[in-house]
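Single-structure report; data block below.
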Amino acid sequence: MMDYKYILSRKIQGIQFSGIRRFFDIAAEMENVISLGVGEPDFKTPWSIREAGIRSLENGKTWYTSNAGLAELKKEISFYLKRRFDLEYDAKHEVLVTVGGSEGIDACIRSFVNPGDEVIVPEPSFVAYAPMAELAGAAVVPLPTKVENQFKITAEELKAVITPKTKLLIFPYPNNPTGAVMTREDMEPLAQVLRETDIIVLSDEIYCELAYGGQHVSMASLPGMRERTIVINGFSKSFAMTGWRLGYACGPAPVILQMTKVHQYAIMCAPTTSQYAAIEALRSCDDAVRKMREEYDLRRRLLVHGLNEIGLTCFEPKGAFYVFPSIRSTGLSSEEFCEKLLYSQKVAVVPGPAFGKSGEGHVRISYSYSIQHLMTALDKIKDFLAEIK
Amino acid sequence: MEKLLKILSENARISNQQLAVMLNMSEAEVKAKIAECEEAGILQGYKAVVDWEKVDKEYLTAFIEIKVTPKRDWGFDEIANMIANFEEVESVYLMSGGYDLFVTVSGRSFKDVALFVAKRLSPMDSVLSTATHFILHKYKEKNIMMGTSPKDEREVTTL
């Protein structure tokens, strides 16, 4: 008998499955569960984008593309970033097309980390940063953000975790799971700290099109930050293209050059069909993106108000499609709350600690669901709160 | 106002309070806006979308294409209004193309509707001809997929 425990890598065995997964495996076994857990748009990819993908297949575009991606797509990415966020990247040397934002994050971390380097990971945040950094041999340094700061990072908090070994700062705004955003004014004090260092910012801007009440600002657009920032972005959230698995990374040419090696040996190239579809997305879907954003905004307002009204206080999330209410008033831990809510009302939400220890006392609720669905769920959560009183 | 109308056109049962929250307006403002739209005839009514197939197999709807002779001075208005006045008639539209009026009629049976066409519509002075099409099954109405509610196909991913 093979004892895989001794054969498999100790490092990968030391990494836990995400708390989201464990929780939703339970939910998946139950019938008629009202989920508020999904982290992807409920919208289907706009038709013109799907059509562009289909057309590329009809035209027999079924080969690999060059490693870094179709030249035409890279050009469109560069135009788009200029048009929307005033970022300038040379399409030839500063853009890498990846398999979703995730691969960009991985390639970026692997391109910078030497054994023992420290990677600062704000909490709560997307579950993949810390495991990817660990796999790359980095020491993960958590940076807990606080609800009283609207889950933003402050300059003092940042300074407190910087050491001579700090290599990377993960900068995930608009934020999953809190919905926090950081404005230019919020970022400037951080930039001031960072400009004195050689720390690189991995700015994950995957939710950039989902900012409510104010255009998203990229860290890379602040004075002096372009040379020390790698922008990770993608099509999943902005264009409702999760299943197409397409993203991109932009940064200074010497960095993109090394990242391209990680990418070409691990992945070869991003899916060709998706790349053709993405060209269409960037060229002619501003209107579809705006409409989706407006719809999310209505739901967001409804949900935030509804939760506050029934006693689950939440600060106003200004980005992404999540609300991160406090459940402290119930006296339950996040896990207990989610489990009880699931068994009693069949409503599934994600416990805050799935996104880092500092998520305790909160749950993540996604509003990538219809208004009707959200209203039903709110009623059920209300019933649940009355029940446990 | 356009946003308010859009939300109501998708779900008329949303409360004024919820509308106020979604639109960042006060409840009083929403109430006033709705009253204003009702007054101006912009908001014409609020009705449920019912899948009658599930309740009463005897209920059916027909589309009727009608060719008419327009009257001097009145154009199509007179005959259109006369047809609209029948209780059985749900909607009347003036059309471009191969016929003039498009009418939807509901009844309890094929016979009901056929008799209505034969006895009341066809004999009207201006009516030249009719063509009646019965709906056999409704797949989608008012943007709502009839039948069972669509399943959320998104799978559990870790993020």
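Ordered as shown in the structure tokens, chains take letters A, B, and onward, while each chain numbers its residues from 1 and ligands are numbered from 1 in the order shown.
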List every residue of region 77-241 of chain A that DSSP, applied to the backbone of this structure, assigns to helix (DSSP H, G or I), and report them as a PyMOL selection string. chain A and resi 77-85+100-112+129-135+147-149+155-161+184-195+219-221+226-228
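All residues of protein, DNA or RNA that reach within 7 Å of region 172-174 of chain A, judged by only C-alpha atoms and not counting those fewer than 5 positions away in the chain, are Gly179, Ala180, Val181, Met182, Ser203, Asp204, Glu205, Tyr207, Cys208, Gly319 and Ala320 of chain A.
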Go ahead and save the residues from that selection, with C-alpha atoms, as an mmCIF file, in the first residue's frame.
data_model
loop_
_atom_site.group_PDB
_atom_site.id
_atom_site.type_symbol
_atom_site.label_atom_id
_atom_site.label_comp_id
_atom_site.auth_asym_id
_atom_site.auth_seq_id
_atom_site.Cartn_x
_atom_site.Cartn_y
_atom_site.Cartn_z
ATOM 1 C CA GLY A 179 -16.863 45.213 -0.851
ATOM 2 C CA ALA A 180 -14.427 47.883 0.361
ATOM 3 C CA VAL A 181 -12.845 50.228 -2.160
ATOM 4 C CA MET A 182 -9.864 52.535 -1.808
ATOM 5 C CA SER A 203 -2.860 45.264 -7.428
ATOM 6 C CA ASP A 204 -5.733 42.867 -8.042
ATOM 7 C CA GLU A 205 -8.326 44.980 -9.823
ATOM 8 C CA TYR A 207 -13.676 44.066 -9.683
ATOM 9 C CA CYS A 208 -12.633 47.404 -11.227
ATOM 10 C CA GLY A 319 -17.424 47.745 -4.831
ATOM 11 C CA ALA A 320 -17.584 44.130 -6.049
#
Do me a favour and pick out the residues of chain A within 8 Å of chain B, using only C-alpha atoms, as an MDAnalysis selection string. chainID A and resid 18 20:21 24:25 38:39 126:128 297:302 305
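Distances from B:Val105, B:Ile83, B:Ile42, B:Leu8 to Pro123 (chain B) were compared using only C-alpha atoms, and the smallest one belongs to B:Ile83.
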Please provide the set of residues having any atom within 7 Å of region 327-341 of chain A, restricted to only C-alpha atoms, with same-chain residues fewer than 4 positions apart removed, written as a VMD selection string. chain A and resid 312 345 to 352 360 to 363 384
Please produce an output containing C-alpha atoms for each residue in the selection, written as a compact mmCIF listing (two decimals), in the first residue's frame.
# COMPACT_ATOMS: atom_id res chain seq x y z
CA LEU A 312 -27.13 42.75 10.93
CA GLN A 345 -33.79 28.40 6.94
CA LYS A 346 -31.78 26.72 4.20
CA VAL A 347 -30.01 29.95 3.39
CA ALA A 348 -26.33 29.62 2.59
CA VAL A 349 -23.88 32.43 3.27
CA VAL A 350 -20.10 32.23 3.73
CA PRO A 351 -18.46 32.57 7.17
CA GLY A 352 -16.13 35.57 7.32
CA GLU A 360 -14.56 36.55 12.37
CA GLY A 361 -17.83 38.12 13.43
CA HIS A 362 -18.89 38.65 9.83
CA VAL A 363 -20.42 36.70 6.97
CA PHE A 384 -33.87 33.11 11.54
Residue neighbourhood Met95 (chain B), 10 Å, only C-alpha atoms, exclusion window fewer than 4 positions, as number ranges by chain: B: 65-66, 99-102
List the neighbours of Trp52 (chain B) out to 12 Å using only C-alpha atoms; skip same-chain residues closer than 4 positions along the sequence, and give me the result as a ChimeraX atom specification. /B:48,56-61,106-108,137-138,141,146-147
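Nearest residue to Leu128 (chain B), choosing from B:Ala114, B:Ile79, B:Val49, B:Val89 and counting only C-alpha atoms: B:Ile79.
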Using DSSP on the backbone coordinates, identify the residues of chain B assigned to strand (DSSP E or B); present them as JSON, numbers by chain. {"B": [60, 61, 62, 63, 64, 65, 66, 67, 68, 71, 75, 89, 90, 91, 92, 93, 94, 101, 102, 103, 104, 105, 106, 107, 127, 128, 129, 130, 131, 132, 133, 134, 140, 141, 144, 145]}
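In this structure, CA of Cys269 (chain A) sits 19.4 Å away from CA of Asn59 (chain A).
Within 8 Å of Pro144 (chain A), once only C-alpha atoms are used and residues closer than 2 positions along the same chain are dropped, the contacting residues are Pro122, Glu123, Pro124, Pro142, Lys146 and Ser358 of chain A.
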Export C-alpha atoms of the chosen residues as an mmCIF file, in the first residue's frame?
data_model
loop_
_atom_site.group_PDB
_atom_site.id
_atom_site.type_symbol
_atom_site.label_atom_id
_atom_site.label_comp_id
_atom_site.auth_asym_id
_atom_site.auth_seq_id
_atom_site.Cartn_x
_atom_site.Cartn_y
_atom_site.Cartn_z
ATOM 1 C CA PRO A 122 -4.554 41.979 3.713
ATOM 2 C CA GLU A 123 -7.410 40.231 5.479
ATOM 3 C CA PRO A 124 -10.164 39.533 4.883
ATOM 4 C CA PRO A 142 -1.330 38.963 7.296
ATOM 5 C CA LYS A 146 -10.852 46.773 10.340
ATOM 6 C CA SER A 358 -10.035 38.989 10.903
#
Just the residues within 7 Å of region 77-80 of chain A, please, counting only C-alpha atoms, with nothing from its chain fewer than 3 positions along; format it as number ranges by chain. A: 73-74, 83-84, 88-91, 282
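The spacing separating CA of Val141 (chain A) from CA of Lys5 (chain A) amounts to 27.4 Å.
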